[in-house]
Amino acid sequence: MSNPTMSDQFPVIETDRLILRQPNHQDIEDIFEVLSHEEVARYVGIARFQSIAEAENELQWYRDLFEQKQGLRWAVSDRSTGKFLGSCGYKNYHAVHNKAEIGYDLNFSWWNKGIMSEALRPIIAYGFTHMHLNRIEAEADTRNTASIHLLQKFGFQVEGIHRETEFENGMYIDLVKLALLRKEYELNSEKSGSR
């Protein structure tokens, strides 16, 4: 079901170091660079990209999410150079239940520099304020402790572990299910004095 609250115009968000914008064809090589890296692919839960055609398919998926109003995937781009560093956004939007799943990936060279933390803050805010979500869900590979801690930093609560729920790269993996509710987000925002 489409989201009646989603605009026909792709939202652009600016932070101190980033511009969160609609991914475009100029990002293809950077998308390939991100998702062809073994560490990134492992935690995104895909086989690492081997060809530019796979990056083109990824870009088409981003476009389809927005055009079909089933989610939004922002290009996380460096404010000074415009370089695509990764992506972040929503999929699996359910209008009846006012919920969506958040996900992200980031170029390995930019890990541990606070980039995804800087991108997540306004994207989470956008989900609650503009998409009128009541619940934002996330899943993370249990081995990806950095991602789990990042989500917890924003108030996401661990709801359980889906044991051996996906078969990837020749092995079954466990996924941690997390979620953040609107009332928790609002309470955290009041405590921190910002929204």
# chains A, B, ... in the order shown; residues from 1 in each chain; ligands from 1
>>> residues_around(residues="Trp111 in chain A", least_positions_apart="5", cutoff="10 Å", atoms="only C-alpha atoms", output="list in words")
Val40, Leu85, Asp105, Leu106, Met116 and Ala146 of chain A
>>> write_last_selection(atoms="all heavy atoms", output="compact mmCIF listing (two decimals), in the first residue's frame")
# COMPACT_ATOMS: atom_id res chain seq x y z
N VAL A 40 31.38 -4.82 4.07
CA VAL A 40 30.09 -4.14 3.94
C VAL A 40 29.02 -5.14 3.50
O VAL A 40 27.95 -5.23 4.10
CB VAL A 40 30.17 -2.97 2.93
CG1 VAL A 40 28.80 -2.32 2.75
CG2 VAL A 40 31.19 -1.93 3.39
N LEU A 85 28.72 8.23 -0.24
CA LEU A 85 29.45 7.47 0.79
C LEU A 85 28.69 6.21 1.20
O LEU A 85 29.29 5.28 1.74
CB LEU A 85 29.66 8.33 2.04
CG LEU A 85 30.33 9.68 1.83
CD1 LEU A 85 30.44 10.42 3.16
CD2 LEU A 85 31.70 9.51 1.19
N ASP A 105 23.94 1.40 4.62
CA ASP A 105 25.25 0.85 4.29
C ASP A 105 26.21 2.03 4.12
O ASP A 105 25.77 3.15 3.85
CB ASP A 105 25.19 -0.01 3.01
CG ASP A 105 24.55 0.71 1.85
OD1 ASP A 105 25.12 1.70 1.36
OD2 ASP A 105 23.45 0.29 1.42
N LEU A 106 27.49 1.77 4.29
CA LEU A 106 28.47 2.85 4.25
C LEU A 106 29.79 2.33 3.71
O LEU A 106 30.22 1.22 4.05
CB LEU A 106 28.68 3.41 5.68
CG LEU A 106 29.59 4.61 5.83
CD1 LEU A 106 29.01 5.84 5.14
CD2 LEU A 106 29.84 4.91 7.31
N MET A 116 27.36 7.64 9.75
CA MET A 116 26.01 7.07 9.79
C MET A 116 25.22 7.61 10.97
O MET A 116 24.01 7.81 10.87
CB MET A 116 26.06 5.54 9.80
CG MET A 116 24.76 4.91 9.37
SD MET A 116 24.02 5.61 7.86
CE MET A 116 25.18 5.11 6.60
N ALA A 146 28.71 -3.10 16.09
CA ALA A 146 28.77 -1.65 15.92
C ALA A 146 27.41 -1.10 15.47
O ALA A 146 26.95 -0.07 15.96
CB ALA A 146 29.86 -1.27 14.92
>>> residues_around(residues="Phe32 in chain A", least_positions_apart="4", cutoff="9 Å", atoms="only C-alpha atoms", output="ChimeraX atom specification")
/A:27-28,36-37,49-56
>>> residues_around(residues="Phe66 in chain A", least_positions_apart="5", cutoff="9 Å", atoms="only C-alpha atoms", output="ChimeraX atom specification")
/A:6,8,10,61,71-73
>>> select_by_dssp(residues="range 40-121 of chain A", states="helix (DSSP H, G or I)", output="count of residues only")
31
>>> closest_residue(among="A:Thr15, A:Asn92, A:Ser117, A:Asn98", to="Ser77 in chain A", atoms="only C-alpha atoms")
A:Thr15
>>> closest_residue(among="A:Ile115, A:Gln60, A:Val44, A:Thr129", to="Glu166 in chain A", atoms="only C-alpha atoms")
A:Val44
>>> atom_distance(atom1="CA of Trp110 in chain A", atom2="CA of Ile173 in chain A")
25.2 Å
>>> residues_around(residues="Gly103 in chain A", least_positions_apart="6", cutoff="10 Å", atoms="only C-alpha atoms", output="mmCIF file with N, CA and C atoms, in the first residue's frame")
data_model
loop_
_atom_site.group_PDB
_atom_site.id
_atom_site.type_symbol
_atom_site.label_atom_id
_atom_site.label_comp_id
_atom_site.auth_asym_id
_atom_site.auth_seq_id
_atom_site.Cartn_x
_atom_site.Cartn_y
_atom_site.Cartn_z
ATOM 1 N N VAL A 44 25.418 -6.216 5.254
ATOM 2 C CA VAL A 44 24.186 -5.846 4.561
ATOM 3 C C VAL A 44 23.384 -7.106 4.251
ATOM 4 N N ARG A 73 15.092 5.877 0.092
ATOM 5 C CA ARG A 73 16.503 5.555 0.320
ATOM 6 C C ARG A 73 17.325 6.757 -0.108
ATOM 7 N N SER A 87 24.226 4.652 1.746
ATOM 8 C CA SER A 87 22.804 4.952 1.641
ATOM 9 C C SER A 87 22.116 4.633 2.958
ATOM 10 N N CYS A 88 20.968 5.261 3.147
ATOM 11 C CA CYS A 88 20.211 5.051 4.382
ATOM 12 C C CYS A 88 18.762 5.380 4.097
ATOM 13 N N GLY A 89 17.858 4.608 4.682
ATOM 14 C CA GLY A 89 16.457 4.946 4.500
ATOM 15 C C GLY A 89 15.516 3.842 4.903
ATOM 16 N N TYR A 90 14.292 3.945 4.380
ATOM 17 C CA TYR A 90 13.197 3.083 4.785
ATOM 18 C C TYR A 90 12.734 2.166 3.660
ATOM 19 N N LYS A 91 12.324 0.968 4.058
ATOM 20 C CA LYS A 91 11.653 0.035 3.157
ATOM 21 C C LYS A 91 10.540 -0.635 3.966
ATOM 22 N N LEU A 120 21.621 9.186 10.398
ATOM 23 C CA LEU A 120 20.455 8.560 11.026
ATOM 24 C C LEU A 120 19.585 9.544 11.800
ATOM 25 N N GLU A 137 11.411 -0.151 12.574
ATOM 26 C CA GLU A 137 12.057 -1.430 12.846
ATOM 27 C C GLU A 137 13.435 -1.478 12.198
ATOM 28 N N ALA A 138 14.264 -2.367 12.704
ATOM 29 C CA ALA A 138 15.586 -2.595 12.113
ATOM 30 C C ALA A 138 15.989 -4.036 12.388
ATOM 31 N N GLU A 139 16.822 -4.566 11.503
ATOM 32 C CA GLU A 139 17.419 -5.881 11.711
ATOM 33 C C GLU A 139 18.921 -5.739 11.499
ATOM 34 N N ALA A 140 19.683 -6.439 12.317
ATOM 35 C CA ALA A 140 21.142 -6.404 12.189
ATOM 36 C C ALA A 140 21.707 -7.794 12.422
#
>>> residues_around(residues="Ser189 in chain A", least_positions_apart="3", cutoff="12 Å", atoms="only C-alpha atoms", output="PyMOL selection string")
chain A and resi 121+124-125+128+154-155+182-186+192-195
>>> closest_residue(among="A:Lys177, A:Asn24, A:Pro122, A:His132", to="Arg63 in chain A", atoms="only C-alpha atoms")
A:Asn24
>>> select_by_dssp(residues="range 38-171 of chain A", states="strand (DSSP E or B)", output="PyMOL selection string")
chain A and resi 72-78+84-94+99-106+135-141+157-168+171
>>> closest_residue(among="A:Ala47, A:Leu187, A:Leu65, A:Val76", to="Gly170 in chain A", atoms="only C-alpha atoms")
A:Ala47
>>> closest_residue(among="A:Tyr104, A:Tyr93, A:Leu175, A:Glu39", to="Gly127 in chain A", atoms="only C-alpha atoms")
A:Tyr93
>>> atom_distance(atom1="CA of Trp74 in chain A", atom2="CA of Asn169 in chain A")
26.8 Å
